[in-house]
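Written out below as structure tokens is the structure these notes cover.
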Amino acid sequence: MSFTKYFSLLRAGLLCTILLINFVNCQSSSSNNDSNNLLVALLASSQSTNCTKTSLTAISSTLVSNPSRTQYTVSGCSTDSLSSLNFTTDSTATLTEGTSSSSKIASTTDLMHSSGSTNIEVTFTLTSSDSYLDIYAYASGTGTDISGPAFRIVPTTVQYRNSSGTFANITANDVPTTATNTEVTYCLDFQSYSSDTKLMLNGWATSCSQVSDSQRNSMSSFPIMQMMNIPSKSGSLMGFVLSGVKIKSFTIGSIISQVSM
């Protein structure tokens with residue numbers, strides 16, 4: 001048995017024991033206070049393991065001199081703990097499980113990479129055939145109402161937000177489909193060019209660490225790619241729309257593409 005599983009079972013046993021003690025009221029007031037304090041601590045520990053910010057090993061790229069990656073595990077976040085990670089939320093069912101276009105998460109500060117190009121890796125589940133996940137970067141706005149360049153992942157394809165503000169299908173290369181009720185990971189580059197004002201959108205339907213050098217070195221090997229009609233950068237915010245989507249974690253860092261524009 002792994003240490004993590006052993007610790008989880010031990011913690012569950014302790015929680016049950018404390019609840020039973022409080023229920024039958026067979027301890028003194030002092031003991032009850034100690035038990036309550038321990039219960040609070042254990043519950044906080046359980047939540048914090050699923051609401052964390054972690055620096056990961058960077059993925060090097062010939063285009064980036066200072067690569068970095070920061071992972072946000074958000075499946076156990078409360079409103080307050082999500083705020084402590086510099087994010088805000090609006091009308092999400094359970095914070096990280098959205099039900100409609102009103103279910104949003106957005107950053108409250110600049111989390112874009114200092115190189116001017118940013119990668120976002122996201123692990124999520126589409127819960128139905130009409131689900132979609134929007135991923136914004138270099139956006140502007142107030143609260144969760146942000147606007148800017150974005151990917152949209154639907155079960156049948158991947159789309160991009162065009163200059164008119166609507167979403168259109170990406171048709172280049174071999175655009176992936178996404179099974180519903182299955183946890184998946186996408187690795188998405190928002191790559192700057194033309195004096196840092198324009199963006200090219202690249203992506204792979206896998207974790208960034210699983211993308212091979214040959215896939216990173218050739219534009220023809222990008223299964224997801226869009227260069228035309230993409231909005232210019234309007235700000236430094238990023239965020240998600242979770243319409244029928246459960247989001248587990250996301251990682252923000254430097255791009256992994258090695259194709260210079």
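All residue names refer to the structure tokens as shown: chains lettered A, B, ... in order, residues numbered from 1 in each chain, ligands numbered from 1 in order.
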
Exercise for the section: Give me the residues within 8 Å of range 244-247 of chain A as a PyMOL selection string, counting only C-alpha atoms and dropping any in the same chain fewer than 3 places off. Expected result: chain A and resi 74-75+96-100+122-128+130-133

Problem - Non-local contacts of range 160-165 of chain A (12 Å; only C-alpha atoms; under 2 positions in same chain excluded) as an MDAnalysis selection string - result: chainID A and resid 133:137 139 146:154 157:158 167:172 175 188 190 198:203 224:234

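If only C-alpha atoms are the atoms counted, then among A:Gln258, A:Thr88, A:Ser207, A:Thr182 the closest residue to Lys104 in chain A is A:Thr88.
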
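Across A:Met238, A:Leu85, A:Ile255, A:Ile105, the tightest approach to Ser61 in chain A is made by A:Ile255 when counting only C-alpha atoms.
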
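Nearest-residue note for Ser102 in chain A: choosing from A:Gln210, A:Ser249, A:Ser243, A:Gln191, the minimum distance belongs to A:Ser243, counting only C-alpha atoms.
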
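For the choices A:Trp204, A:Ser209, A:Leu237, A:Ser192, the atom-to-atom distance to Val259 in chain A is smallest for A:Ser192 when using only C-alpha atoms.
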
Exercise for the section: Extract, using only C-alpha atoms, all DNA, RNA and protein residues at most 9 Å from Ser129 in chain A, discarding same-chain residues fewer than 4 positions from it, and format them as a list of chain:residue names. Expected result: A:Val154, A:Pro155, A:Thr156, A:Ala179, A:Thr180

Handout entry: Neighbour list for Ile252 in chain A as a VMD selection string, cut-off 10 Å, only C-alpha atoms, skip fewer than 5 positions in-chain
Key = chain A and resid 55 to 56 68 to 72 111 to 113 118 to 122 188 238

Just to be explicit: take each residue in the selection above, keep C-alpha atoms, and write the result as a compact mmCIF listing (two decimals), in the first residue's frame.
```
# COMPACT_ATOMS: atom_id res chain seq x y z
CA SER A 55 6.52 24.91 -8.86
CA LEU A 56 7.29 22.15 -11.37
CA SER A 68 9.17 27.89 -15.77
CA ARG A 69 6.02 25.95 -14.83
CA THR A 70 3.62 26.48 -11.92
CA GLN A 71 0.82 23.99 -11.25
CA TYR A 72 -2.47 24.92 -9.59
CA LEU A 111 0.24 35.15 -14.36
CA MET A 112 1.54 35.27 -17.94
CA HIS A 113 5.12 34.15 -18.58
CA THR A 118 2.59 31.45 -22.28
CA ASN A 119 1.67 27.77 -22.08
CA ILE A 120 -1.39 26.52 -20.21
CA GLU A 121 -1.74 22.81 -19.47
CA VAL A 122 -5.17 21.85 -18.16
CA LEU A 188 -1.77 24.72 -25.15
CA MET A 238 -6.13 34.23 -17.82
```

Write out as a PDB file with N, CA and C atoms, in the first residue's frame each polymer residue whose atoms come within 7 Å of Cys77 in chain A, counting only C-alpha atoms; drop sequence neighbours fewer than 4 positions from it.
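The result, stored in part.pdb:
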```pdb
ATOM      1  N   GLN A  47      -8.486  19.426   2.536  1.00  0.00           N
ATOM      2  CA  GLN A  47      -8.796  20.378   1.485  1.00  0.00           C
ATOM      3  C   GLN A  47      -7.535  20.924   0.854  1.00  0.00           C
ATOM      4  N   ASN A  50      -5.764  19.418  -2.136  1.00  0.00           N
ATOM      5  CA  ASN A  50      -6.403  19.563  -3.437  1.00  0.00           C
ATOM      6  C   ASN A  50      -6.640  21.023  -3.794  1.00  0.00           C
ATOM      7  N   CYS A  51      -5.911  21.915  -3.135  1.00  0.00           N
ATOM      8  CA  CYS A  51      -5.972  23.343  -3.456  1.00  0.00           C
ATOM      9  C   CYS A  51      -4.585  23.919  -3.209  1.00  0.00           C
ATOM     10  N   SER A  81      -9.854  29.827  -0.435  1.00  0.00           N
ATOM     11  CA  SER A  81      -8.558  29.256  -0.793  1.00  0.00           C
ATOM     12  C   SER A  81      -8.234  29.501  -2.257  1.00  0.00           C
ATOM     13  N   LEU A  82      -9.251  29.546  -3.123  1.00  0.00           N
ATOM     14  CA  LEU A  82      -9.009  29.886  -4.523  1.00  0.00           C
ATOM     15  C   LEU A  82      -8.526  31.324  -4.633  1.00  0.00           C
TER      16      LEU A  82
END
```

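CA of Asp110 in chain A is positioned 10.3 Å from CA of Ser140 in chain A.
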
When DSSP works through the backbone of this structure, what residues of range 56-175 of chain A end up as alpha helix (DSSP H), shown as a tab-separated table (two decimals) with C-alpha atoms, in the first residue's frame?
```tsv
chain	number	residue	atom	x	y	z
A	79	THR	CA	-13.80	30.39	-2.52
A	80	ASP	CA	-11.33	31.71	0.05
A	81	SER	CA	-8.56	29.26	-0.79
A	82	LEU	CA	-9.01	29.89	-4.52
A	83	SER	CA	-8.66	33.59	-3.79
A	84	SER	CA	-5.40	32.91	-1.97
```

Please identify the strand (DSSP E or B) residues within range 69-221 of chain A (assignment by DSSP from backbone atoms) and present them as an mmCIF file with N, CA and C atoms, in the first residue's frame.
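That gives us states.cif:
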```
data_model
loop_
_atom_site.group_PDB
_atom_site.id
_atom_site.type_symbol
_atom_site.label_atom_id
_atom_site.label_comp_id
_atom_site.auth_asym_id
_atom_site.auth_seq_id
_atom_site.Cartn_x
_atom_site.Cartn_y
_atom_site.Cartn_z
ATOM 1 N N ARG A 69 7.347 26.573 -14.844
ATOM 2 C CA ARG A 69 6.016 25.951 -14.825
ATOM 3 C C ARG A 69 5.491 25.979 -13.394
ATOM 4 N N THR A 70 4.271 26.463 -13.222
ATOM 5 C CA THR A 70 3.620 26.482 -11.915
ATOM 6 C C THR A 70 2.270 25.790 -12.029
ATOM 7 N N GLN A 71 2.066 24.768 -11.211
ATOM 8 C CA GLN A 71 0.823 23.991 -11.253
ATOM 9 C C GLN A 71 -0.129 24.448 -10.151
ATOM 10 N N TYR A 72 -1.402 24.583 -10.527
ATOM 11 C CA TYR A 72 -2.470 24.917 -9.591
ATOM 12 C C TYR A 72 -3.428 23.728 -9.534
ATOM 13 N N THR A 73 -3.458 23.033 -8.402
ATOM 14 C CA THR A 73 -4.422 21.963 -8.177
ATOM 15 C C THR A 73 -5.622 22.587 -7.481
ATOM 16 N N PHE A 87 -7.049 33.773 -7.765
ATOM 17 C CA PHE A 87 -8.132 33.518 -8.711
ATOM 18 C C PHE A 87 -9.468 33.872 -8.060
ATOM 19 N N THR A 88 -10.429 34.208 -8.905
ATOM 20 C CA THR A 88 -11.787 34.452 -8.448
ATOM 21 C C THR A 88 -12.734 33.581 -9.258
ATOM 22 N N THR A 89 -13.924 33.328 -8.731
ATOM 23 C CA THR A 89 -14.878 32.454 -9.412
ATOM 24 C C THR A 89 -16.265 33.077 -9.406
ATOM 25 N N ASP A 90 -17.118 32.618 -10.323
ATOM 26 C CA ASP A 90 -18.449 33.204 -10.465
ATOM 27 C C ASP A 90 -19.439 32.130 -10.885
ATOM 28 N N GLU A 97 -16.361 22.715 -10.677
ATOM 29 C CA GLU A 97 -17.235 21.933 -11.551
ATOM 30 C C GLU A 97 -18.335 22.855 -12.052
ATOM 31 N N GLY A 98 -18.220 23.284 -13.289
ATOM 32 C CA GLY A 98 -19.148 24.254 -13.832
ATOM 33 C C GLY A 98 -20.335 23.613 -14.511
ATOM 34 N N LYS A 104 -17.350 30.374 -14.185
ATOM 35 C CA LYS A 104 -16.076 30.934 -14.643
ATOM 36 C C LYS A 104 -15.050 30.997 -13.517
ATOM 37 N N ILE A 105 -13.792 30.907 -13.913
ATOM 38 C CA ILE A 105 -12.657 31.159 -13.031
ATOM 39 C C ILE A 105 -11.733 32.114 -13.766
ATOM 40 N N ALA A 106 -11.204 33.121 -13.084
ATOM 41 C CA ALA A 106 -10.278 34.060 -13.721
ATOM 42 C C ALA A 106 -9.209 34.490 -12.730
ATOM 43 N N SER A 107 -8.034 34.789 -13.253
ATOM 44 C CA SER A 107 -6.954 35.274 -12.398
ATOM 45 C C SER A 107 -7.228 36.712 -11.981
ATOM 46 N N THR A 118 2.988 32.221 -23.462
ATOM 47 C CA THR A 118 2.586 31.447 -22.283
ATOM 48 C C THR A 118 1.968 30.117 -22.687
ATOM 49 N N ASN A 119 2.289 29.085 -21.927
ATOM 50 C CA ASN A 119 1.672 27.767 -22.080
ATOM 51 C C ASN A 119 0.714 27.525 -20.922
ATOM 52 N N ILE A 120 -0.437 26.947 -21.235
ATOM 53 C CA ILE A 120 -1.388 26.522 -20.207
ATOM 54 C C ILE A 120 -1.703 25.048 -20.435
ATOM 55 N N GLU A 121 -1.381 24.229 -19.455
ATOM 56 C CA GLU A 121 -1.739 22.809 -19.474
ATOM 57 C C GLU A 121 -2.910 22.629 -18.526
ATOM 58 N N VAL A 122 -3.968 21.963 -18.981
ATOM 59 C CA VAL A 122 -5.166 21.846 -18.157
ATOM 60 C C VAL A 122 -5.675 20.406 -18.165
ATOM 61 N N THR A 123 -6.036 19.907 -16.990
ATOM 62 C CA THR A 123 -6.599 18.565 -16.828
ATOM 63 C C THR A 123 -8.057 18.713 -16.406
ATOM 64 N N PHE A 124 -8.954 18.083 -17.157
ATOM 65 C CA PHE A 124 -10.384 18.348 -16.988
ATOM 66 C C PHE A 124 -11.209 17.184 -17.514
ATOM 67 N N THR A 125 -12.535 17.272 -17.296
ATOM 68 C CA THR A 125 -13.494 16.297 -17.807
ATOM 69 C C THR A 125 -14.689 17.031 -18.397
ATOM 70 N N LEU A 126 -15.033 16.715 -19.648
ATOM 71 C CA LEU A 126 -16.282 17.189 -20.246
ATOM 72 C C LEU A 126 -17.382 16.221 -19.830
ATOM 73 N N TYR A 132 -18.404 22.462 -22.917
ATOM 74 C CA TYR A 132 -17.236 23.103 -23.518
ATOM 75 C C TYR A 132 -16.393 23.769 -22.442
ATOM 76 N N LEU A 133 -15.093 23.802 -22.709
ATOM 77 C CA LEU A 133 -14.135 24.465 -21.834
ATOM 78 C C LEU A 133 -13.438 25.558 -22.619
ATOM 79 N N ASP A 134 -13.533 26.796 -22.152
ATOM 80 C CA ASP A 134 -12.796 27.916 -22.739
ATOM 81 C C ASP A 134 -11.554 28.184 -21.904
ATOM 82 N N ILE A 135 -10.435 28.421 -22.593
ATOM 83 C CA ILE A 135 -9.172 28.737 -21.928
ATOM 84 C C ILE A 135 -8.672 30.066 -22.470
ATOM 85 N N TYR A 136 -8.666 31.087 -21.633
ATOM 86 C CA TYR A 136 -8.254 32.438 -22.030
ATOM 87 C C TYR A 136 -6.842 32.746 -21.532
ATOM 88 N N ALA A 137 -6.109 33.524 -22.332
ATOM 89 C CA ALA A 137 -4.818 34.073 -21.911
ATOM 90 C C ALA A 137 -4.650 35.452 -22.525
ATOM 91 N N TYR A 138 -3.819 36.258 -21.906
ATOM 92 C CA TYR A 138 -3.589 37.640 -22.362
ATOM 93 C C TYR A 138 -4.917 38.380 -22.529
ATOM 94 N N ALA A 139 -5.791 38.172 -21.553
ATOM 95 C CA ALA A 139 -7.135 38.750 -21.593
ATOM 96 C C ALA A 139 -7.212 39.975 -20.688
ATOM 97 N N SER A 140 -8.283 40.725 -20.858
ATOM 98 C CA SER A 140 -8.557 41.884 -20.011
ATOM 99 C C SER A 140 -10.004 41.809 -19.550
ATOM 100 N N GLY A 141 -10.331 42.552 -18.505
ATOM 101 C CA GLY A 141 -11.697 42.581 -18.012
ATOM 102 C C GLY A 141 -11.734 42.803 -16.519
ATOM 103 N N THR A 142 -12.919 42.581 -15.946
ATOM 104 C CA THR A 142 -13.139 42.781 -14.519
ATOM 105 C C THR A 142 -13.740 41.525 -13.916
ATOM 106 N N ASP A 145 -15.393 38.350 -15.795
ATOM 107 C CA ASP A 145 -15.842 38.793 -17.118
ATOM 108 C C ASP A 145 -14.628 39.279 -17.905
ATOM 109 N N ILE A 146 -13.900 38.332 -18.522
ATOM 110 C CA ILE A 146 -12.693 38.673 -19.251
ATOM 111 C C ILE A 146 -12.857 38.354 -20.734
ATOM 112 N N SER A 147 -12.029 38.998 -21.552
ATOM 113 C CA SER A 147 -12.119 38.838 -23.001
ATOM 114 C C SER A 147 -10.718 38.874 -23.590
ATOM 115 N N ALA A 150 -8.445 32.914 -27.009
ATOM 116 C CA ALA A 150 -8.910 31.744 -26.259
ATOM 117 C C ALA A 150 -9.023 30.515 -27.147
ATOM 118 N N PHE A 151 -8.818 29.363 -26.541
ATOM 119 C CA PHE A 151 -9.195 28.066 -27.099
ATOM 120 C C PHE A 151 -10.568 27.701 -26.534
ATOM 121 N N ARG A 152 -11.337 26.925 -27.295
ATOM 122 C CA ARG A 152 -12.542 26.272 -26.779
ATOM 123 C C ARG A 152 -12.464 24.794 -27.139
ATOM 124 N N ILE A 153 -12.566 23.939 -26.134
ATOM 125 C CA ILE A 153 -12.533 22.493 -26.349
ATOM 126 C C ILE A 153 -13.942 21.948 -26.187
ATOM 127 N N VAL A 154 -14.460 21.343 -27.248
ATOM 128 C CA VAL A 154 -15.761 20.676 -27.246
ATOM 129 C C VAL A 154 -15.519 19.215 -27.588
ATOM 130 N N THR A 157 -14.294 18.709 -31.445
ATOM 131 C CA THR A 157 -13.185 19.431 -32.072
ATOM 132 C C THR A 157 -12.571 20.410 -31.076
ATOM 133 N N VAL A 158 -11.655 21.238 -31.581
ATOM 134 C CA VAL A 158 -11.093 22.358 -30.816
ATOM 135 C C VAL A 158 -11.351 23.629 -31.608
ATOM 136 N N GLN A 159 -11.781 24.674 -30.935
ATOM 137 C CA GLN A 159 -12.096 25.936 -31.589
ATOM 138 C C GLN A 159 -11.193 27.047 -31.055
ATOM 139 N N TYR A 160 -11.229 28.195 -31.738
ATOM 140 C CA TYR A 160 -10.497 29.373 -31.281
ATOM 141 C C TYR A 160 -11.433 30.570 -31.305
ATOM 142 N N ARG A 161 -11.146 31.542 -30.463
ATOM 143 C CA ARG A 161 -11.928 32.778 -30.439
ATOM 144 C C ARG A 161 -11.328 33.729 -31.462
ATOM 145 N N PHE A 167 -16.514 31.976 -31.676
ATOM 146 C CA PHE A 167 -15.640 30.806 -31.750
ATOM 147 C C PHE A 167 -15.840 30.082 -33.078
ATOM 148 N N ALA A 168 -14.724 29.670 -33.684
ATOM 149 C CA ALA A 168 -14.744 28.959 -34.959
ATOM 150 C C ALA A 168 -13.857 27.724 -34.853
ATOM 151 N N ASN A 169 -14.150 26.720 -35.679
ATOM 152 C CA ASN A 169 -13.380 25.484 -35.644
ATOM 153 C C ASN A 169 -11.958 25.701 -36.150
ATOM 154 N N VAL A 184 -9.017 14.156 -19.186
ATOM 155 C CA VAL A 184 -8.024 14.352 -20.237
ATOM 156 C C VAL A 184 -7.147 15.550 -19.887
ATOM 157 N N THR A 185 -6.024 15.658 -20.586
ATOM 158 C CA THR A 185 -5.107 16.782 -20.405
ATOM 159 C C THR A 185 -4.757 17.371 -21.759
ATOM 160 N N TYR A 186 -4.778 18.697 -21.850
ATOM 161 C CA TYR A 186 -4.365 19.418 -23.053
ATOM 162 C C TYR A 186 -3.191 20.334 -22.712
ATOM 163 N N CYS A 187 -2.268 20.448 -23.659
ATOM 164 C CA CYS A 187 -1.099 21.316 -23.552
ATOM 165 C C CYS A 187 -1.234 22.390 -24.627
ATOM 166 N N LEU A 188 -1.386 23.653 -24.223
ATOM 167 C CA LEU A 188 -1.772 24.719 -25.146
ATOM 168 C C LEU A 188 -0.790 25.887 -25.080
ATOM 169 N N ASP A 189 -0.246 26.266 -26.242
ATOM 170 C CA ASP A 189 0.673 27.402 -26.346
ATOM 171 C C ASP A 189 -0.038 28.634 -26.890
ATOM 172 N N PHE A 190 0.145 29.751 -26.212
ATOM 173 C CA PHE A 190 -0.220 31.071 -26.735
ATOM 174 C C PHE A 190 1.106 31.738 -27.112
ATOM 175 N N GLN A 191 1.507 31.600 -28.376
ATOM 176 C CA GLN A 191 2.852 31.994 -28.807
ATOM 177 C C GLN A 191 2.851 33.348 -29.507
ATOM 178 N N SER A 192 3.655 34.276 -28.994
ATOM 179 C CA SER A 192 3.719 35.632 -29.539
ATOM 180 C C SER A 192 4.617 35.695 -30.772
ATOM 181 N N TYR A 193 4.278 36.614 -31.670
ATOM 182 C CA TYR A 193 5.147 36.937 -32.800
ATOM 183 C C TYR A 193 4.798 38.342 -33.269
ATOM 184 N N LYS A 198 1.012 39.917 -31.801
ATOM 185 C CA LYS A 198 0.163 38.881 -32.379
ATOM 186 C C LYS A 198 0.409 37.545 -31.695
ATOM 187 N N LEU A 199 -0.577 36.663 -31.790
ATOM 188 C CA LEU A 199 -0.471 35.343 -31.190
ATOM 189 C C LEU A 199 -0.762 34.253 -32.206
ATOM 190 N N MET A 200 -0.024 33.153 -32.091
ATOM 191 C CA MET A 200 -0.350 31.909 -32.775
ATOM 192 C C MET A 200 -0.760 30.908 -31.697
ATOM 193 N N LEU A 201 -1.814 30.148 -31.943
ATOM 194 C CA LEU A 201 -2.298 29.161 -30.987
ATOM 195 C C LEU A 201 -1.867 27.767 -31.427
ATOM 196 N N ASN A 202 -1.145 27.068 -30.560
ATOM 197 C CA ASN A 202 -0.695 25.702 -30.831
ATOM 198 C C ASN A 202 -1.165 24.794 -29.700
ATOM 199 N N GLY A 203 -1.316 23.508 -29.989
ATOM 200 C CA GLY A 203 -1.718 22.636 -28.901
ATOM 201 C C GLY A 203 -1.609 21.163 -29.204
ATOM 202 N N TRP A 204 -1.627 20.387 -28.120
ATOM 203 C CA TRP A 204 -1.558 18.937 -28.181
ATOM 204 C C TRP A 204 -2.533 18.360 -27.154
#
```

Handout entry: CA of Thr206 in chain A to CA of Ile59 in chain A, distance in Å rounded to a single decimal
Key = 14.4 Å

Exercise for the section: One decimal, Å: what's the distance from CA of Ser65 in chain A over to CA of Met261 in chain A, could you say? Expected result: 16.3 Å
